[in-house]
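See below for model_16.cif, which holds mmCIF, C-alpha atoms and all ligand atoms.
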```
data_coords
loop_
_atom_site.label_atom_id
_atom_site.label_comp_id
_atom_site.auth_asym_id
_atom_site.auth_seq_id
_atom_site.Cartn_x
_atom_site.Cartn_y
_atom_site.Cartn_z
CA MET H 1 -12.50 12.81 9.37
CA LEU H 2 -11.62 10.53 12.26
CA THR H 3 -10.13 7.17 11.40
CA LYS H 4 -9.07 4.25 13.50
CA GLU H 5 -5.53 4.60 12.17
CA LEU H 6 -5.35 8.24 13.21
CA ILE H 7 -6.53 7.45 16.71
CA LEU H 8 -4.07 4.58 17.02
CA GLU H 9 -1.22 6.83 15.89
CA ILE H 10 -2.16 9.32 18.58
CA LEU H 11 -2.71 6.74 21.29
CA ASN H 12 0.76 5.43 20.57
CA LYS H 13 1.88 8.21 22.87
CA PHE H 14 -0.60 7.61 25.68
CA TYR H 15 0.49 5.65 28.74
CA LEU H 16 -1.60 4.15 31.53
CA ASP H 17 -0.25 4.96 34.98
CA ASN H 18 1.16 1.57 35.81
CA GLN H 19 2.59 0.75 32.38
CA GLU H 20 5.95 1.34 30.78
CA VAL H 21 4.69 0.91 27.23
CA ASP H 22 1.97 2.90 25.51
CA VAL H 23 -1.64 1.65 25.38
CA VAL H 24 -1.40 0.59 21.73
CA SER H 25 1.88 -1.30 21.97
CA SER H 26 0.90 -3.00 25.22
CA GLY H 27 -2.19 -4.44 23.58
CA SER H 28 -4.49 -2.73 26.09
CA ILE H 29 -6.69 -1.38 23.33
CA LYS H 30 -8.93 -4.17 22.18
CA ASN H 31 -11.16 -2.27 19.81
CA ILE H 32 -12.00 1.19 18.55
CA VAL H 33 -15.31 2.22 16.99
CA ILE H 34 -16.02 5.74 15.75
CA TYR H 35 -19.42 7.44 15.51
CA GLY H 36 -18.89 10.98 14.23
CA ASN H 37 -17.07 12.79 17.03
CA GLU H 38 -17.60 9.98 19.49
CA ILE H 39 -14.83 7.46 20.01
CA ASN H 40 -15.68 4.14 21.67
CA VAL H 41 -12.69 2.31 23.05
CA ASP H 42 -12.51 -1.18 24.54
CA LEU H 43 -9.67 -0.85 27.00
CA GLU H 44 -8.14 -3.60 29.07
CA VAL H 45 -7.05 -2.53 32.55
CA THR H 46 -5.45 -4.38 35.44
CA ASN H 47 -6.79 -2.08 38.16
CA PRO H 48 -10.59 -2.05 37.92
CA THR H 49 -11.36 0.35 40.81
CA LEU H 50 -13.84 3.12 40.10
CA LYS H 51 -11.29 5.77 41.01
CA SER H 52 -8.71 4.35 38.64
CA LYS H 53 -11.27 4.14 35.83
CA ASN H 54 -12.29 7.77 36.34
CA VAL H 55 -8.68 8.91 36.21
CA ILE H 56 -8.07 6.99 32.99
CA ARG H 57 -11.27 8.36 31.45
CA GLU H 58 -10.35 11.93 32.32
CA ASN H 59 -6.73 11.65 31.19
CA LEU H 60 -7.55 9.89 27.96
CA LEU H 61 -10.29 12.34 27.05
CA SER H 62 -8.12 15.38 27.62
CA PHE H 63 -5.28 13.71 25.70
CA LEU H 64 -7.56 13.06 22.71
CA LYS H 65 -9.06 16.54 22.88
CA SER H 66 -5.71 18.24 22.85
CA ASN H 67 -4.34 16.03 20.09
CA ILE H 68 -7.39 15.84 17.82
CA ASP H 69 -10.22 18.21 18.59
CA GLN H 70 -11.90 19.75 21.63
CA LYS H 71 -15.23 18.37 20.40
CA ILE H 72 -14.17 14.77 20.84
CA GLU H 73 -16.39 12.60 23.02
CA LEU H 74 -15.16 9.40 24.57
CA LYS H 75 -16.75 6.21 25.79
CA ILE H 76 -14.58 3.59 27.39
CA ASN H 77 -15.65 0.03 27.85
CA PHE H 78 -13.31 -1.28 30.56
CA ILE H 79 -12.24 -4.90 30.30
CA VAL H 80 -10.51 -6.35 33.32
CA GLY H 81 -7.46 -8.34 32.29
CA SER H 82 -4.53 -10.02 33.98
CA SER H 83 -1.36 -8.01 34.39
CA LYS H 84 0.45 -10.33 32.01
CA LYS H 85 -0.83 -9.82 28.51
CA GLU H 86 -0.73 -12.18 25.66
CA ASN H 87 -2.99 -12.13 22.60
CA LYS H 88 -1.99 -8.65 21.61
CA ILE H 89 -4.35 -7.13 19.07
CA TYR H 90 -2.09 -4.30 18.00
CA ASN H 91 1.36 -5.80 17.94
CA PRO H 92 3.97 -3.05 18.28
CA GLN H 93 6.15 -4.72 15.68
CA ARG H 94 3.34 -4.18 13.23
CA LYS H 95 4.06 -0.49 13.11
CA ILE H 96 6.01 0.30 10.00
CA SER H 97 6.76 3.89 10.77
CA ASN H 98 9.84 3.91 8.53
CA ILE H 99 7.63 3.74 5.42
CA SER H 100 6.04 7.04 4.47
CA ASN H 101 3.65 6.04 1.68
CA ILE H 102 2.24 2.68 0.75
CA ILE H 103 0.63 2.49 -2.66
CA ALA H 104 -1.26 -0.52 -3.94
CA ILE H 105 -1.24 -1.15 -7.70
CA SER H 106 -4.32 -3.08 -8.58
CA SER H 107 -6.99 -4.18 -11.00
CA ALA H 108 -9.42 -6.98 -10.55
CA LYS H 109 -8.54 -8.31 -14.01
CA GLY H 110 -5.49 -10.42 -14.78
CA GLY H 111 -2.88 -9.61 -17.39
CA VAL H 112 -3.67 -5.91 -17.82
CA GLY H 113 -0.20 -4.77 -16.78
CA LYS H 114 -0.25 -4.27 -12.98
CA SER H 115 3.20 -5.75 -12.52
CA THR H 116 4.65 -3.92 -15.52
CA VAL H 117 3.26 -0.64 -14.20
CA THR H 118 4.49 -1.36 -10.64
CA ALA H 119 8.04 -2.08 -11.84
CA ASN H 120 8.15 1.04 -14.01
CA LEU H 121 6.63 3.38 -11.44
CA ALA H 122 9.16 2.08 -8.91
CA VAL H 123 12.09 2.78 -11.25
CA SER H 124 10.66 6.18 -12.13
CA LEU H 125 10.30 7.13 -8.45
CA SER H 126 13.80 5.89 -7.72
CA LYS H 127 15.21 7.98 -10.59
CA MET H 128 13.48 11.00 -9.05
CA GLY H 129 15.50 10.43 -5.90
CA PHE H 130 12.99 8.65 -3.69
CA ASN H 131 13.75 5.54 -1.63
CA VAL H 132 11.49 2.89 -3.08
CA GLY H 133 10.51 -0.66 -2.22
CA VAL H 134 8.29 -3.10 -4.09
CA LEU H 135 6.34 -5.84 -2.40
CA ASP H 136 5.22 -8.47 -4.86
CA SER H 137 2.08 -9.74 -3.18
CA ASP H 138 1.13 -12.00 -6.06
CA ILE H 139 1.78 -15.14 -4.07
CA TYR H 140 0.54 -17.45 -6.81
CA GLY H 141 2.18 -15.74 -9.80
CA PRO H 142 5.06 -13.52 -8.68
CA SER H 143 6.56 -11.38 -11.46
CA MET H 144 8.99 -9.00 -9.78
CA PRO H 145 12.02 -11.34 -9.66
CA ILE H 146 11.90 -11.62 -13.48
CA MET H 147 11.01 -8.01 -14.14
CA PHE H 148 13.99 -6.84 -12.04
CA ASP H 149 16.33 -9.58 -13.24
CA VAL H 150 16.94 -10.93 -9.74
CA GLU H 151 15.40 -14.35 -10.21
CA GLU H 152 18.38 -16.29 -8.91
CA GLN H 153 18.82 -14.25 -5.74
CA LYS H 154 17.74 -15.10 -2.21
CA PRO H 155 17.18 -12.51 0.52
CA LEU H 156 19.68 -12.79 3.37
CA ALA H 157 18.78 -12.71 7.04
CA VAL H 158 20.10 -9.77 9.04
CA THR H 159 19.83 -9.20 12.77
CA ILE H 160 18.19 -5.95 13.80
CA ASP H 161 17.69 -5.20 17.52
CA GLY H 162 18.21 -8.88 18.28
CA LYS H 163 15.60 -9.98 15.75
CA SER H 164 16.24 -11.80 12.52
CA LYS H 165 14.86 -9.95 9.50
CA MET H 166 15.04 -10.60 5.78
CA LYS H 167 16.88 -8.09 3.68
CA PRO H 168 15.10 -7.18 0.43
CA ILE H 169 16.98 -7.75 -2.82
CA GLU H 170 17.97 -4.52 -4.52
CA ASN H 171 18.30 -3.66 -8.20
CA TYR H 172 18.02 -0.40 -10.16
CA GLY H 173 17.77 1.42 -6.82
CA VAL H 174 14.59 -0.47 -5.84
CA LYS H 175 14.27 -2.87 -2.90
CA ILE H 176 12.22 -5.93 -3.72
CA LEU H 177 10.60 -8.75 -1.79
CA SER H 178 8.60 -11.47 -3.48
CA ILE H 179 7.45 -14.93 -2.61
CA GLY H 180 9.21 -15.89 -5.84
CA PHE H 181 12.54 -15.67 -3.98
CA PHE H 182 11.50 -18.51 -1.71
CA THR H 183 9.84 -20.94 -4.10
CA LYS H 184 11.20 -23.18 -6.83
CA LYS H 185 10.94 -21.55 -10.24
CA ASP H 186 8.78 -24.08 -12.03
CA GLU H 187 6.68 -25.25 -9.12
CA ALA H 188 3.18 -23.97 -8.55
CA VAL H 189 2.53 -22.53 -5.10
CA ILE H 190 -0.46 -24.25 -3.56
CA TRP H 191 -1.40 -22.48 -0.38
CA ARG H 192 -4.56 -21.85 1.49
CA GLY H 193 -5.50 -18.24 2.20
CA PRO H 194 -4.17 -18.07 5.78
CA MET H 195 -0.76 -19.47 4.77
CA ALA H 196 -0.48 -16.97 1.97
CA SER H 197 -1.40 -14.16 4.36
CA LYS H 198 1.21 -15.33 6.82
CA ALA H 199 3.93 -15.36 4.17
CA LEU H 200 2.89 -11.87 3.14
CA ASN H 201 2.91 -10.58 6.70
CA GLN H 202 6.44 -11.87 7.10
CA MET H 203 7.56 -10.00 4.01
CA ILE H 204 6.01 -6.86 5.41
CA PHE H 205 6.83 -6.97 9.10
CA ASP H 206 9.83 -9.28 9.34
CA ALA H 207 11.80 -7.47 6.67
CA ASP H 208 14.44 -4.82 6.92
CA TRP H 209 12.99 -2.29 4.46
CA GLY H 210 14.94 0.58 6.00
CA GLU H 211 13.63 4.11 5.40
CA LEU H 212 11.29 4.18 2.43
CA ASP H 213 9.49 7.09 0.82
CA PHE H 214 7.33 4.62 -1.09
CA LEU H 215 6.42 0.99 -0.82
CA LEU H 216 4.57 -0.10 -3.95
CA ILE H 217 2.50 -3.23 -3.64
CA ASP H 218 1.91 -5.26 -6.77
CA LEU H 219 -1.46 -6.87 -6.07
CA PRO H 220 -2.62 -10.11 -7.64
CA PRO H 221 -5.70 -10.05 -9.89
CA GLY H 222 -9.10 -10.29 -8.22
CA THR H 223 -10.56 -8.96 -5.00
CA GLY H 224 -9.87 -11.82 -2.64
CA ASP H 225 -8.09 -12.97 0.49
CA ILE H 226 -4.71 -11.45 -0.26
CA HIS H 227 -6.24 -8.04 -0.91
CA LEU H 228 -8.16 -8.11 2.35
CA SER H 229 -5.16 -9.32 4.27
CA ILE H 230 -2.98 -6.52 2.90
CA MET H 231 -5.58 -3.90 3.55
CA GLN H 232 -6.04 -5.11 7.12
CA SER H 233 -2.32 -5.24 7.86
CA LEU H 234 -1.14 -2.07 6.19
CA PRO H 235 -2.14 1.57 6.23
CA ILE H 236 -2.43 2.01 2.46
CA SER H 237 -2.02 5.66 1.47
CA GLY H 238 -3.71 5.16 -1.87
CA ALA H 239 -4.45 2.75 -4.66
CA VAL H 240 -3.76 3.01 -8.37
CA VAL H 241 -6.03 1.03 -10.67
CA VAL H 242 -4.63 -0.23 -13.98
CA SER H 243 -6.89 -1.25 -16.83
CA THR H 244 -6.91 -1.70 -20.57
CA PRO H 245 -9.63 0.18 -22.50
CA GLN H 246 -11.50 -3.04 -23.26
CA ASN H 247 -15.01 -3.40 -21.86
CA VAL H 248 -14.36 -6.62 -19.90
CA ALA H 249 -11.35 -4.99 -18.28
CA LEU H 250 -13.32 -1.87 -17.40
CA ILE H 251 -15.97 -3.92 -15.62
CA ASP H 252 -13.25 -5.44 -13.45
CA ALA H 253 -11.57 -2.07 -12.92
CA LYS H 254 -14.87 -0.81 -11.49
CA LYS H 255 -14.99 -3.81 -9.18
CA GLY H 256 -11.47 -2.99 -8.04
CA VAL H 257 -12.49 0.58 -7.22
CA SER H 258 -15.56 -0.54 -5.32
CA MET H 259 -13.40 -2.82 -3.18
CA PHE H 260 -11.23 0.13 -2.12
CA LYS H 261 -14.27 2.29 -1.48
CA LYS H 262 -16.03 -0.20 0.77
CA GLU H 263 -16.81 1.35 4.13
CA ASN H 264 -14.58 -0.91 6.19
CA ILE H 265 -11.70 -0.69 3.71
CA ASN H 266 -11.84 2.94 2.64
CA VAL H 267 -8.59 3.28 0.73
CA PRO H 268 -8.41 6.43 -1.42
CA VAL H 269 -8.07 5.73 -5.13
CA LEU H 270 -5.35 8.00 -6.49
CA GLY H 271 -6.29 7.34 -10.08
CA PHE H 272 -6.62 5.15 -13.14
CA ILE H 273 -3.88 4.21 -15.58
CA GLU H 274 -4.86 3.16 -19.09
CA ASN H 275 -2.44 0.46 -20.21
CA MET H 276 -2.22 -0.87 -23.77
CA ALA H 277 -4.16 2.28 -24.69
CA TYR H 278 -3.19 1.85 -28.34
CA PHE H 279 -0.68 -0.12 -30.34
CA THR H 280 2.07 1.76 -32.02
CA PRO H 281 4.73 0.14 -34.22
CA GLU H 282 8.24 1.20 -33.17
CA GLU H 283 9.11 2.24 -36.74
CA LEU H 284 5.89 4.28 -37.18
CA PRO H 285 5.48 6.01 -33.82
CA ARG H 286 2.82 8.39 -35.11
CA ASN H 287 0.48 5.57 -36.10
CA LYS H 288 -1.90 4.59 -33.33
CA TYR H 289 -4.18 1.58 -33.51
CA TYR H 290 -6.82 1.41 -30.81
CA ILE H 291 -7.08 -2.35 -30.75
CA PHE H 292 -8.75 -2.60 -27.32
CA GLY H 293 -11.04 0.38 -27.92
CA LYS H 294 -10.41 4.10 -27.60
CA HIS H 295 -10.16 6.03 -24.32
CA GLY H 296 -12.16 3.44 -22.37
CA VAL H 297 -10.33 4.07 -19.10
CA GLN H 298 -10.24 7.82 -19.62
CA ASN H 299 -14.03 7.82 -20.06
CA LEU H 300 -14.52 5.59 -17.03
CA SER H 301 -12.40 7.90 -14.92
CA ASN H 302 -14.57 10.84 -16.02
CA ASP H 303 -17.73 8.92 -15.21
CA MET H 304 -16.49 7.79 -11.81
CA LYS H 305 -14.83 11.15 -11.03
CA ILE H 306 -11.55 9.44 -10.33
CA PRO H 307 -8.36 11.12 -11.57
CA PHE H 308 -6.81 9.88 -14.81
CA LEU H 309 -3.07 9.45 -14.38
CA GLY H 310 -2.16 8.70 -17.99
CA GLU H 311 -1.99 6.19 -20.83
CA ILE H 312 0.68 3.71 -21.82
CA PRO H 313 0.85 2.41 -25.38
CA LEU H 314 1.17 -1.26 -26.22
CA ILE H 315 4.69 -1.46 -27.53
CA GLN H 316 7.08 -4.30 -28.05
CA SER H 317 9.88 -2.73 -26.02
CA VAL H 318 7.72 -2.64 -22.87
CA ARG H 319 7.07 -6.37 -23.12
CA GLU H 320 10.71 -7.11 -23.95
CA ALA H 321 11.95 -4.93 -21.10
CA GLY H 322 9.77 -6.90 -18.68
CA ASP H 323 11.02 -10.22 -19.98
CA TYR H 324 14.68 -9.18 -19.99
CA GLY H 325 14.42 -7.78 -16.49
CA ILE H 326 15.24 -4.16 -17.27
CA PRO H 327 12.06 -2.08 -16.83
CA ALA H 328 11.35 0.21 -19.79
CA SER H 329 11.72 3.28 -17.53
CA MET H 330 15.41 2.44 -17.27
CA GLN H 331 15.85 3.47 -20.93
CA ASP H 332 16.99 7.06 -20.49
CA SER H 333 15.62 9.81 -22.75
CA THR H 334 13.10 7.61 -24.51
CA ASN H 335 9.47 8.28 -25.14
CA ILE H 336 8.42 5.44 -22.85
CA GLU H 337 10.63 6.67 -19.99
CA GLU H 338 8.91 10.05 -20.35
CA ILE H 339 5.45 8.45 -20.37
CA PHE H 340 6.10 6.62 -17.08
CA LYS H 341 7.70 9.72 -15.57
CA ASN H 342 4.60 11.79 -16.33
CA ILE H 343 2.31 9.16 -14.89
CA THR H 344 4.49 9.02 -11.76
CA LYS H 345 4.30 12.81 -11.40
CA ASN H 346 0.52 12.72 -11.77
CA MET H 347 0.35 10.04 -9.10
CA LEU H 348 2.49 12.15 -6.77
CA SER H 349 0.26 15.18 -7.34
CA GLN H 350 -2.79 13.13 -6.43
CA LEU H 351 -1.03 11.88 -3.32
CA LEU H 352 -0.26 15.45 -2.30
CA ILE H 353 -3.91 16.39 -2.78
CA ARG H 354 -4.94 13.44 -0.61
CA ASN H 355 -2.47 14.50 2.04
CA LYS H 356 -4.04 17.93 2.17
CA GLU H 357 -7.60 16.67 2.23
CA LEU H 358 -7.28 13.76 4.61
CA PRO H 359 -6.57 14.11 8.30
CA LYS H 360 -2.92 14.04 9.15
CA THR H 361 -1.71 10.50 9.53
CA GLU H 362 1.87 9.44 9.67
CA VAL H 363 1.48 7.06 6.80
CA ILE H 364 0.09 9.49 4.27
CA LYS H 365 2.93 11.87 3.81
CA ILE H 366 5.53 12.58 1.20
CA THR H 367 8.89 13.25 2.76
CA THR H 368 10.48 14.95 -0.22
CA MET H 369 9.41 16.14 -3.62
CA SER H 370 12.95 16.80 -4.83
CA GLY H 371 13.49 15.40 -8.29
CA CYS H 372 9.91 16.07 -9.34
CA SER H 373 10.63 19.53 -10.51
CA SER H 374 11.32 19.02 -14.20
N1 LIG S 401 2.21 -1.45 -22.42
C1 LIG S 401 2.59 -2.69 -22.72
N2 LIG S 401 3.14 -2.97 -23.94
C2 LIG S 401 3.53 -4.24 -24.24
N3 LIG S 401 3.39 -5.28 -23.44
C3 LIG S 401 2.87 -5.06 -22.20
C4 LIG S 401 2.44 -3.76 -21.78
N4 LIG S 401 1.95 -3.87 -20.51
C5 LIG S 401 2.08 -5.16 -20.16
N5 LIG S 401 2.62 -5.88 -21.17
C6 LIG S 401 2.88 -7.33 -21.20
O1 LIG S 401 1.64 -7.98 -20.93
C7 LIG S 401 1.83 -9.11 -20.10
C8 LIG S 401 1.00 -8.95 -18.82
O2 LIG S 401 1.52 -7.87 -18.07
P1 LIG S 401 1.69 -7.93 -16.50
O3 LIG S 401 2.31 -9.21 -16.08
O4 LIG S 401 2.32 -6.67 -16.09
O5 LIG S 401 0.14 -7.93 -16.11
P2 LIG S 401 -0.52 -8.20 -14.68
O6 LIG S 401 -1.77 -7.40 -14.66
O7 LIG S 401 0.45 -7.98 -13.62
O8 LIG S 401 -0.85 -9.74 -14.81
P3 LIG S 401 -1.32 -10.73 -13.61
O9 LIG S 401 -2.77 -10.44 -13.42
O10 LIG S 401 -1.06 -12.08 -14.16
O11 LIG S 401 -0.51 -10.38 -12.41
C9 LIG S 401 3.33 -9.19 -19.84
O12 LIG S 401 3.91 -10.07 -20.76
C10 LIG S 401 3.83 -7.77 -20.10
O13 LIG S 401 5.18 -7.74 -20.54
MG MG S 402 1.09 -9.29 -12.06
#
```
Show this structure as structure tokens.
Amino acid sequence: MLTKELILEILNKFYLDNQEVDVVSSGSIKNIVIYGNEINVDLEVTNPTLKSKNVIRENLLSFLKSNIDQKIELKINFIVGSSKKENKIYNPQRKISNISNIIAISSAKGGVGKSTVTANLAVSLSKMGFNVGVLDSDIYGPSMPIMFDVEEQKPLAVTIDGKSKMKPIENYGVKILSIGFFTKKDEAVIWRGPMASKALNQMIFDADWGELDFLLIDLPPGTGDIHLSIMQSLPISGAVVVSTPQNVALIDAKKGVSMFKKENINVPVLGFIENMAYFTPEELPRNKYYIFGKHGVQNLSNDMKIPFLGEIPLIQSVREAGDYGIPASMQDSTNIEEIFKNITKNMLSQLLIRNKELPKTEVIKITTMSGCSS
């Protein structure tokens, strides 16, 4: 399956005759549309002669054929531009090639445990030996600073290749950036959509994340501006949808899935997680009370043919761990650590399946599976 991202990754290595930077980084590509095997490219050129256009057409077609498929067809719409380019569509700095997998943790409903799950999956992955980052994209209600006990910290600026970048805060082996680091604790953030998107973009592209195997994105509730902005800026490898088994939550979980499946978004859903699946008192671990209904998410995942990654009980220690800033997965050799570890492994398996099924793209790859063997 051809995707815009795949073509952009490939065209990253294609140079026009008179240019020192590739066609993507130089901003020469203004648009790409795909119809089956046919790729339509809007390409800005400075030399509009027929001969030059023919050479570009020939070179680009043979480049795409040899890198994708011999059956590729190409249509180029030449746009004559000045030699000095501004208004770049594909800004080279927007490539985040040092991050192998970006996973969005979502649910259209509030309060179902997205942030709790994000924090615990991150710790679990880090314990398995992966390099992990968490981007708290909940601009209006950031949770990660509290959940990782780094509320009082402020990211420092570091200079990388002459550019100033913010360094994520690190705790429990996880790198974290959140708007919460930049706002006053008790003040509400009142921003319009574009300002929020800008702040988010800075945390993504103007940050020194270093080499990451995984960047987990804790999404806010809903299916709004922030979600769109993230999906437009980042090549998301897959999404995980968290829900409680309650009917109202399931309706929203479905909405969340349909957002990812929309044609112009098209983010693979790696699976569902059932949070607060049942209540179990710490002193009577065998007793299970299905206070939000039984197996609601499991049933939904069967109906929608979306993998089920596992269930998390409603237990006091999970809530306390979040409030104290030590994610429950940090508690070695406990039942809850094991539960999150199994869910993490299931998520990794689904990611591997996706990697096999989807066309090769740089962003959907796992660099190492060491630590997942037990
Ligand atoms: N399995 C669980 N057991 C006990 N408490 C839990 C569990 N999961 C989440 N909680 C608690 O429920 C509350 C909501 O969880 P959380 O903040 O993770 O939800 P959210 O979906 O991120 O919410 P929001 O939509 O506001 O971002 C928190 O107080 C959290 O500690
Ligand atoms: Mg949250």
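With distances restricted to all atoms listed in the file, H:Ile336 is the closest residue to ligand LIG 401 (chain S) from H:Leu50, H:Leu156, H:Ile336, H:Val240.
Interatomic distance, CA of Gly113 in chain H against atom N5 of ligand LIG 401 (chain S): 5.3 Å.
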Residue neighbourhood range 165-171 of chain H, 8 Å, all atoms listed in the file, exclusion window fewer than 5 positions, as a PyMOL selection string: chain H and resi 148+150+153-160+176-177+203+206-209
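Going from CA of Asp161 in chain H over to CA of Asp22 in chain H, you cover 19.4 Å.
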Protein and nucleic acid residues within 9 Å of ligand MG 402 (chain S) (all atoms listed in the file) as a PyMOL selection string: chain H and resi 106+110-116+118+136-138+141-144+218-221
d(CA of Ala199 in chain H, CA of Ile217 in chain H) in Å: 14.5 Å
Residue neighbourhood Ile68 in chain H, 9 Å, only C-alpha atoms, exclusion window fewer than 3 positions, as a PyMOL selection string: chain H and resi 2+7+10+63-65+71-72
Same residues, C-alpha atoms, output as a tab-separated table (two decimals), keeping the file's coordinate frame:
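The resulting result_10.tsv:
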```tsv
chain	number	residue	atom	x	y	z
H	2	LEU	CA	-11.62	10.53	12.26
H	7	ILE	CA	-6.53	7.45	16.71
H	10	ILE	CA	-2.16	9.32	18.58
H	63	PHE	CA	-5.28	13.71	25.70
H	64	LEU	CA	-7.56	13.06	22.71
H	65	LYS	CA	-9.06	16.54	22.88
H	71	LYS	CA	-15.23	18.37	20.40
H	72	ILE	CA	-14.17	14.77	20.84
```
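Of the residues under consideration (H:Leu61, H:Leu348, H:Val45, H:Val241), H:Val241 shows the shortest atom-to-atom contact distance to ligand LIG 401 (chain S) when counting only C-alpha atoms and all ligand atoms.
Nearest to Phe130 in chain H of all the residues H:Leu43, H:Leu215, H:Val55, H:Ile79 is H:Leu215, based on only C-alpha atoms.
Nearest to Gly310 in chain H of all the residues H:Asp225, H:Asp69, H:Glu211, H:Glu338 is H:Glu338, based on all atoms listed in the file.
Residue nearest ligand LIG 401 (chain S) within the list H:Ile353, H:Leu309, H:Val248, H:Ile105: H:Ile105 [criterion: smallest interatomic distance, only C-alpha atoms and all ligand atoms].
Proximity to Ile99 in chain H was assessed for H:Glu58, H:Asp213, H:Glu73, H:Glu38 counting only C-alpha atoms; the smallest distance is recorded for H:Asp213.
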